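entry-v3.pdb (PDB, C-alpha atoms)
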ATOM      1  CA  MET A 278     121.506 174.095  74.182  1.00  0.00           C
ATOM      2  CA  PRO A 279     120.843 174.752  77.893  1.00  0.00           C
ATOM      3  CA  ILE A 280     120.362 171.895  80.350  1.00  0.00           C
ATOM      4  CA  ALA A 281     116.761 171.733  81.636  1.00  0.00           C
ATOM      5  CA  GLN A 282     116.599 172.569  85.336  1.00  0.00           C
ATOM      6  CA  PRO A 283     115.901 169.321  87.165  1.00  0.00           C
ATOM      7  CA  THR A 284     113.531 168.687  90.051  1.00  0.00           C
ATOM      8  CA  LEU A 285     115.745 167.360  92.832  1.00  0.00           C
ATOM      9  CA  SER A 286     114.585 164.910  95.467  1.00  0.00           C
ATOM     10  CA  THR A 287     115.946 163.955  98.879  1.00  0.00           C
ATOM     11  CA  PRO A 288     114.511 161.538 101.457  1.00  0.00           C
ATOM     12  CA  ARG A 289     112.192 164.268 102.831  1.00  0.00           C
ATOM     13  CA  LEU A 290     112.169 167.052 100.250  1.00  0.00           C
ATOM     14  CA  LEU A 291     111.268 167.981  96.714  1.00  0.00           C
ATOM     15  CA  LEU A 292     113.401 170.795  95.301  1.00  0.00           C
ATOM     16  CA  LEU A 293     111.264 172.316  92.574  1.00  0.00           C
ATOM     17  CA  PRO A 294     112.635 174.542  89.804  1.00  0.00           C
ATOM     18  CA  ALA A 295     111.427 178.145  89.989  1.00  0.00           C
ATOM     19  CA  GLN A 296     108.332 178.634  87.842  1.00  0.00           C
ATOM     20  CA  PRO A 297     105.580 181.277  87.848  1.00  0.00           C
ATOM     21  CA  ALA A 298     102.928 178.670  88.747  1.00  0.00           C
ATOM     22  CA  LEU A 299     104.466 178.561  92.252  1.00  0.00           C
ATOM     23  CA  ALA A 300     104.053 182.315  92.861  1.00  0.00           C
ATOM     24  CA  ARG A 301     101.175 181.986  95.349  1.00  0.00           C
ATOM     25  CA  ALA A 302     103.064 179.337  97.363  1.00  0.00           C
ATOM     26  CA  MET A 303     106.202 181.507  97.365  1.00  0.00           C
ATOM     27  CA  LEU A 304     104.205 184.541  98.501  1.00  0.00           C
ATOM     28  CA  ASP A 305     102.682 182.491 101.337  1.00  0.00           C
ATOM     29  CA  PHE A 306     106.182 181.349 102.367  1.00  0.00           C
ATOM     30  CA  HIS A 307     107.418 184.946 102.603  1.00  0.00           C
ATOM     31  CA  VAL A 308     104.303 186.223 104.391  1.00  0.00           C
ATOM     32  CA  ARG A 309     104.622 183.441 107.007  1.00  0.00           C
ATOM     33  CA  ASN A 310     108.304 184.256 107.544  1.00  0.00           C
ATOM     34  CA  ARG A 311     108.261 188.052 107.257  1.00  0.00           C
ATOM     35  CA  GLN A 312     109.741 188.766 110.697  1.00  0.00           C
ATOM     36  CA  HIS A 313     112.008 185.722 110.582  1.00  0.00           C
ATOM     37  CA  PHE A 314     113.824 186.905 107.428  1.00  0.00           C
ATOM     38  CA  GLU A 315     113.844 190.620 108.268  1.00  0.00           C
ATOM     39  CA  PRO A 316     117.333 190.701 109.882  1.00  0.00           C
ATOM     40  CA  TRP A 317     118.944 188.891 106.940  1.00  0.00           C
ATOM     41  CA  ASP A 318     117.331 190.455 103.872  1.00  0.00           C
ATOM     42  CA  PRO A 319     117.119 193.839 102.147  1.00  0.00           C
ATOM     43  CA  LYS A 320     114.055 195.887 103.068  1.00  0.00           C
ATOM     44  CA  PRO A 321     111.307 194.699 100.729  1.00  0.00           C
ATOM     45  CA  GLY A 322     109.727 197.081  98.239  1.00  0.00           C
ATOM     46  CA  ASP A 323     106.019 197.856  98.007  1.00  0.00           C
ATOM     47  CA  MET A 324     105.316 194.971  95.603  1.00  0.00           C
ATOM     48  CA  PHE A 325     107.245 192.267  97.502  1.00  0.00           C
ATOM     49  CA  TYR A 326     104.213 190.829  99.283  1.00  0.00           C
ATOM     50  CA  THR A 327     102.104 190.407  96.141  1.00  0.00           C
ATOM     51  CA  GLU A 328     101.515 187.436  93.886  1.00  0.00           C
ATOM     52  CA  LEU A 329     102.414 189.554  90.860  1.00  0.00           C
ATOM     53  CA  TYR A 330     105.881 190.243  92.304  1.00  0.00           C
ATOM     54  CA  TRP A 331     106.545 186.536  92.821  1.00  0.00           C
ATOM     55  CA  THR A 332     105.212 185.632  89.385  1.00  0.00           C
ATOM     56  CA  ILE A 333     107.726 188.062  87.857  1.00  0.00           C
ATOM     57  CA  GLN A 334     110.557 186.911  90.145  1.00  0.00           C
ATOM     58  CA  LEU A 335     110.025 183.219  89.462  1.00  0.00           C
ATOM     59  CA  ARG A 336     109.782 183.840  85.724  1.00  0.00           C
ATOM     60  CA  GLN A 337     113.128 185.666  85.908  1.00  0.00           C
ATOM     61  CA  ARG A 338     114.715 182.880  87.989  1.00  0.00           C
ATOM     62  CA  ALA A 339     113.571 180.330  85.366  1.00  0.00           C
ATOM     63  CA  ARG A 340     115.124 182.530  82.665  1.00  0.00           C
ATOM     64  CA  ASP A 341     118.353 182.748  84.696  1.00  0.00           C
ATOM     65  CA  TRP A 342     118.646 178.953  84.501  1.00  0.00           C
ATOM     66  CA  GLU A 343     117.923 178.919  80.766  1.00  0.00           C
ATOM     67  CA  GLU A 344     120.604 181.560  80.206  1.00  0.00           C
ATOM     68  CA  GLY A 345     123.160 179.924  82.514  1.00  0.00           C
ATOM     69  CA  ARG A 346     123.248 182.743  85.088  1.00  0.00           C
ATOM     70  CA  GLY A 347     121.709 180.961  88.080  1.00  0.00           C
ATOM     71  CA  GLY A 348     118.957 178.759  89.389  1.00  0.00           C
ATOM     72  CA  ARG A 349     116.371 178.779  92.160  1.00  0.00           C
ATOM     73  CA  PHE A 350     114.913 175.699  93.838  1.00  0.00           C
ATOM     74  CA  LEU A 351     111.787 175.880  96.008  1.00  0.00           C
ATOM     75  CA  LEU A 352     111.663 173.381  98.856  1.00  0.00           C
ATOM     76  CA  ALA A 353     108.576 171.355  99.733  1.00  0.00           C
ATOM     77  CA  LEU A 354     108.076 168.288 101.886  1.00  0.00           C
ATOM     78  CA  HIS A 355     107.087 165.142  99.976  1.00  0.00           C
ATOM     79  CA  ALA A 356     103.930 165.032 102.116  1.00  0.00           C
ATOM     80  CA  GLU A 357     102.990 168.653 101.204  1.00  0.00           C
ATOM     81  CA  PRO A 358     104.304 169.329  97.673  1.00  0.00           C
ATOM     82  CA  GLU A 359     102.155 172.449  97.220  1.00  0.00           C
ATOM     83  CA  ARG A 360     103.549 174.254 100.320  1.00  0.00           C
ATOM     84  CA  VAL A 361     106.912 176.026  99.940  1.00  0.00           C
ATOM     85  CA  ILE A 362     109.006 175.757 103.105  1.00  0.00           C
ATOM     86  CA  GLY A 363     112.290 177.088 101.779  1.00  0.00           C
ATOM     87  CA  SER A 364     114.366 178.297  98.899  1.00  0.00           C
ATOM     88  CA  VAL A 365     117.899 177.640  97.658  1.00  0.00           C
ATOM     89  CA  GLY A 366     119.484 179.751  94.964  1.00  0.00           C
ATOM     90  CA  LEU A 367     122.593 179.568  92.840  1.00  0.00           C
ATOM     91  CA  SER A 368     123.428 183.026  91.493  1.00  0.00           C
ATOM     92  CA  ASN A 369     126.190 184.891  89.708  1.00  0.00           C
ATOM     93  CA  ILE A 370     127.317 181.814  87.793  1.00  0.00           C
ATOM     94  CA  SER A 371     130.617 182.725  86.205  1.00  0.00           C
ATOM     95  CA  ARG A 372     132.317 180.569  83.607  1.00  0.00           C
ATOM     96  CA  GLY A 373     135.680 181.001  81.897  1.00  0.00           C
ATOM     97  CA  ALA A 374     138.621 180.775  84.278  1.00  0.00           C
ATOM     98  CA  PHE A 375     136.385 181.137  87.394  1.00  0.00           C
ATOM     99  CA  GLN A 376     133.694 178.375  87.092  1.00  0.00           C
ATOM    100  CA  SER A 377     131.952 179.565  90.257  1.00  0.00           C
ATOM    101  CA  CYS A 378     128.645 180.684  91.750  1.00  0.00           C
ATOM    102  CA  HIS A 379     127.113 182.077  94.937  1.00  0.00           C
ATOM    103  CA  LEU A 380     124.770 180.055  97.126  1.00  0.00           C
ATOM    104  CA  GLY A 381     121.868 181.561  99.073  1.00  0.00           C
ATOM    105  CA  TYR A 382     119.129 179.912 101.099  1.00  0.00           C
ATOM    106  CA  GLY A 383     116.244 180.432 103.511  1.00  0.00           C
ATOM    107  CA  LEU A 384     114.059 178.045 105.488  1.00  0.00           C
ATOM    108  CA  ASP A 385     110.659 178.417 107.154  1.00  0.00           C
ATOM    109  CA  GLN A 386     111.092 179.345 110.810  1.00  0.00           C
ATOM    110  CA  HIS A 387     108.971 176.340 111.881  1.00  0.00           C
ATOM    111  CA  CYS A 388     111.162 173.876 109.969  1.00  0.00           C
ATOM    112  CA  GLN A 389     114.531 174.803 111.442  1.00  0.00           C
ATOM    113  CA  GLY A 390     116.619 172.449 113.532  1.00  0.00           C
ATOM    114  CA  GLN A 391     115.514 169.311 111.636  1.00  0.00           C
ATOM    115  CA  GLY A 392     118.392 169.034 109.149  1.00  0.00           C
ATOM    116  CA  LEU A 393     116.148 169.964 106.209  1.00  0.00           C
ATOM    117  CA  MET A 394     118.358 172.743 104.872  1.00  0.00           C
ATOM    118  CA  ARG A 395     121.436 170.551 105.087  1.00  0.00           C
ATOM    119  CA  GLU A 396     119.572 167.895 103.076  1.00  0.00           C
ATOM    120  CA  ALA A 397     118.527 170.499 100.493  1.00  0.00           C
ATOM    121  CA  LEU A 398     121.967 172.091 100.202  1.00  0.00           C
ATOM    122  CA  GLN A 399     123.663 168.730  99.710  1.00  0.00           C
ATOM    123  CA  ALA A 400     121.367 168.091  96.722  1.00  0.00           C
ATOM    124  CA  VAL A 401     121.864 171.566  95.233  1.00  0.00           C
ATOM    125  CA  ILE A 402     125.635 171.412  95.684  1.00  0.00           C
ATOM    126  CA  ARG A 403     125.673 168.030  93.887  1.00  0.00           C
ATOM    127  CA  CYS A 404     123.715 169.692  91.073  1.00  0.00           C
ATOM    128  CA  ALA A 405     126.183 172.608  90.969  1.00  0.00           C
ATOM    129  CA  PHE A 406     129.161 170.260  90.803  1.00  0.00           C
ATOM    130  CA  ASP A 407     127.788 167.377  88.707  1.00  0.00           C
ATOM    131  CA  THR A 408     125.158 168.958  86.422  1.00  0.00           C
ATOM    132  CA  LEU A 409     126.537 172.495  86.077  1.00  0.00           C
ATOM    133  CA  ARG A 410     130.139 171.268  86.439  1.00  0.00           C
ATOM    134  CA  LEU A 411     131.239 174.209  88.566  1.00  0.00           C
ATOM    135  CA  HIS A 412     134.551 174.307  90.418  1.00  0.00           C
ATOM    136  CA  ARG A 413     133.519 176.515  93.351  1.00  0.00           C
ATOM    137  CA  VAL A 414     130.391 177.362  95.327  1.00  0.00           C
ATOM    138  CA  GLN A 415     130.661 180.458  97.516  1.00  0.00           C
ATOM    139  CA  ALA A 416     128.390 181.239 100.468  1.00  0.00           C
ATOM    140  CA  ASN A 417     128.528 184.249 102.756  1.00  0.00           C
ATOM    141  CA  TYR A 418     126.879 184.913 106.119  1.00  0.00           C
ATOM    142  CA  GLN A 419     126.690 187.625 108.743  1.00  0.00           C
ATOM    143  CA  PRO A 420     129.117 186.911 111.628  1.00  0.00           C
ATOM    144  CA  HIS A 421     126.338 186.623 114.236  1.00  0.00           C
ATOM    145  CA  ASN A 422     124.374 184.100 112.135  1.00  0.00           C
ATOM    146  CA  LEU A 423     125.639 181.077 114.038  1.00  0.00           C
ATOM    147  CA  ARG A 424     123.085 178.715 112.484  1.00  0.00           C
ATOM    148  CA  SER A 425     124.426 179.424 108.955  1.00  0.00           C
ATOM    149  CA  ALA A 426     128.023 179.301 110.170  1.00  0.00           C
ATOM    150  CA  GLY A 427     127.497 175.831 111.634  1.00  0.00           C
ATOM    151  CA  LEU A 428     125.579 174.555 108.618  1.00  0.00           C
ATOM    152  CA  LEU A 429     128.206 175.675 106.125  1.00  0.00           C
ATOM    153  CA  LYS A 430     131.002 174.225 108.261  1.00  0.00           C
ATOM    154  CA  ARG A 431     129.207 170.844 108.438  1.00  0.00           C
ATOM    155  CA  LEU A 432     128.902 170.904 104.638  1.00  0.00           C
ATOM    156  CA  GLY A 433     132.658 171.433 104.284  1.00  0.00           C
ATOM    157  CA  PHE A 434     132.736 175.145 103.391  1.00  0.00           C
ATOM    158  CA  GLU A 435     135.954 176.861 104.439  1.00  0.00           C
ATOM    159  CA  VAL A 436     136.252 180.444 105.625  1.00  0.00           C
ATOM    160  CA  GLU A 437     138.234 182.475 103.095  1.00  0.00           C
ATOM    161  CA  GLY A 438     137.891 185.935 104.558  1.00  0.00           C
ATOM    162  CA  HIS A 439     135.762 188.696 106.026  1.00  0.00           C
ATOM    163  CA  ALA A 440     134.140 191.520 104.094  1.00  0.00           C
ATOM    164  CA  LYS A 441     133.421 194.785 105.875  1.00  0.00           C
ATOM    165  CA  ASN A 442     130.118 196.492 104.970  1.00  0.00           C
ATOM    166  CA  TYR A 443     129.511 193.803 102.350  1.00  0.00           C
ATOM    167  CA  LEU A 444     125.737 194.055 101.796  1.00  0.00           C
ATOM    168  CA  TYR A 445     123.091 196.648 102.602  1.00  0.00           C
ATOM    169  CA  LEU A 446     120.497 194.612 104.526  1.00  0.00           C
ATOM    170  CA  ASN A 447     117.652 195.571 106.840  1.00  0.00           C
ATOM    171  CA  GLY A 448     118.542 199.272 106.704  1.00  0.00           C
ATOM    172  CA  GLY A 449     122.321 199.097 107.162  1.00  0.00           C
ATOM    173  CA  TRP A 450     125.629 197.842 105.819  1.00  0.00           C
ATOM    174  CA  ARG A 451     126.456 194.378 107.184  1.00  0.00           C
ATOM    175  CA  ASP A 452     129.792 192.605 107.503  1.00  0.00           C
ATOM    176  CA  HIS A 453     129.968 189.062 106.121  1.00  0.00           C
ATOM    177  CA  VAL A 454     132.131 185.983 106.525  1.00  0.00           C
ATOM    178  CA  LEU A 455     133.142 184.650 103.093  1.00  0.00           C
ATOM    179  CA  THR A 456     133.253 180.878 102.606  1.00  0.00           C
ATOM    180  CA  ALA A 457     133.663 178.473  99.688  1.00  0.00           C
ATOM    181  CA  LEU A 458     133.420 174.803  98.855  1.00  0.00           C
ATOM    182  CA  LEU A 459     135.514 173.355  96.020  1.00  0.00           C
ATOM    183  CA  ASN A 460     134.466 170.531  93.731  1.00  0.00           C
ATOM    184  CA  PRO A 461     136.891 167.668  94.476  1.00  0.00           C
ATOM    185  CA  ASP A 462     136.059 166.013  91.135  1.00  0.00           C
ATOM    186  CA  PHE A 463     136.318 169.085  88.910  1.00  0.00           C
ATOM    187  CA  ASP A 464     137.724 168.211  85.495  1.00  0.00           C
ATOM    188  CA  PRO A 465     139.153 171.226  83.629  1.00  0.00           C
ATOM    189  CA  GLU A 466     138.991 169.206  80.391  1.00  0.00           C
ATOM    190  CA  HIS A 467     135.173 169.417  80.538  1.00  0.00           C
ATOM    191  CA  MET A 468     134.685 173.041  81.612  1.00  0.00           C
ATOM    192  CA  LEU A 469     131.599 174.775  80.288  1.00  0.00           C
ATOM    193  CA  ALA A 470     132.310 178.044  78.481  1.00  0.00           C
TER     194      ALA A 470
END
Could you quickly redo this structure as structure tokens?
Amino acid sequence: MPIAQPTLSTPRLLLLPAQPALARAMLDFHVRNRQHFEPWDPKPGDMFYTELYWTIQLRQRARDWEEGRGGRFLLALHAEPERVIGSVGLSNISRGAFQSCHLGYGLDQHCQGQGLMREALQAVIRCAFDTLRLHRVQANYQPHNLRSAGLLKRLGFEVEGHAKNYLYLNGGWRDHVLTALLNPDFDPEHMLA
């Protein structure tokens, strides 16, 4: 039986599980940050800036959690729980001998520089290690994304390599720095299959 995706809480943030009821708030988040995310994301399709698109996406992210493939948390300040200011995702969860996932994240341009993403990532990483019992969380960033490089380093991620032409983003192939954080308390006796 799958573990229900929890709502996580930090001193300043609520990290809400992806659910279709948050589609309008997620759409608003992406509309507000359209230019801000453009250099880091794939070119959006025609439906991307519609509520229907986000309803479908959030339904799929909820299903990913139920099926053990991933999870998406939407960030909101305690003072404004209906306004999405960021997103953190765990994707490509792999079990067996690997016990790993990828970490992705984005924060509202007007909320940067306040330590909010660090606060959110610490909570999600705890969930990945303690609730999902994963051994490794991987996160990759473009070499010129100094903000992500610094954040991941402060969280303890270690550079493991560089990937040439790793992802097709914003109209071109982009190199990425590959990093990972290992669970210091991982117990192979309690691995999930």
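A straight line drawn from atom CA of Gly433 of chain A to atom CA of Phe350 of chain A is 21.0 Å long.
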| task | Would you please work out which residue, of A:Ile362, A:Leu290, A:Ala470, A:Ala374, is nearest to Gln389 of chain A when using all atoms listed in the file? | result | A:Ile362
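Only residues having an atom at most 7 Å from (120.2, 194.7, 108.0) are included; using all atoms listed in the file, these are Pro316, Trp317, Asp318, Pro319, Tyr445, Leu446, Asn447, Gly448, Gly449, Trp450 and Arg451 of chain A.
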| request: Do a neighbour search on Leu458 of chain A at 6 Å with all atoms listed in the file, toss out local chain neighbours closer than 2 positions, and write the hits as a list in words. | output: Arg413, Val414 and Phe434 of chain A
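Straight-line separation from atom CA of Gln386 of chain A to atom CA of Phe314 of chain A: 8.7 Å.
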N, CA and C atoms are needed for segment 324-338 of chain A; please write them out as a compact mmCIF listing (two decimals), in the coordinates of the input.
# COMPACT_ATOMS: atom_id res chain seq x y z
N MET A 324 105.93 196.09 96.33
CA MET A 324 105.32 194.97 95.60
C MET A 324 105.69 193.59 96.16
N PHE A 325 106.67 193.53 97.06
CA PHE A 325 107.24 192.27 97.50
C PHE A 325 106.19 191.27 97.98
N TYR A 326 105.22 191.73 98.73
CA TYR A 326 104.21 190.83 99.28
C TYR A 326 102.97 190.77 98.40
N THR A 327 103.20 190.58 97.09
CA THR A 327 102.10 190.41 96.14
C THR A 327 102.40 189.19 95.26
N GLU A 328 101.35 188.59 94.77
CA GLU A 328 101.52 187.44 93.89
C GLU A 328 102.15 187.86 92.57
N LEU A 329 101.82 189.06 92.10
CA LEU A 329 102.41 189.55 90.86
C LEU A 329 103.94 189.62 90.97
N TYR A 330 104.44 190.15 92.09
CA TYR A 330 105.88 190.24 92.30
C TYR A 330 106.53 188.87 92.17
N TRP A 331 105.93 187.87 92.83
CA TRP A 331 106.54 186.54 92.82
C TRP A 331 106.38 185.84 91.47
N THR A 332 105.34 186.15 90.75
CA THR A 332 105.21 185.63 89.38
C THR A 332 106.36 186.15 88.53
N ILE A 333 106.63 187.44 88.62
CA ILE A 333 107.73 188.06 87.86
C ILE A 333 109.07 187.51 88.30
N GLN A 334 109.29 187.42 89.62
CA GLN A 334 110.56 186.91 90.14
C GLN A 334 110.83 185.48 89.71
N LEU A 335 109.82 184.62 89.81
CA LEU A 335 110.02 183.22 89.46
C LEU A 335 110.21 183.04 87.96
N ARG A 336 109.55 183.87 87.17
CA ARG A 336 109.78 183.84 85.72
C ARG A 336 111.24 184.22 85.42
N GLN A 337 111.74 185.24 86.12
CA GLN A 337 113.13 185.67 85.91
C GLN A 337 114.12 184.60 86.38
N ARG A 338 113.82 183.95 87.51
CA ARG A 338 114.72 182.88 87.99
C ARG A 338 114.75 181.71 87.00
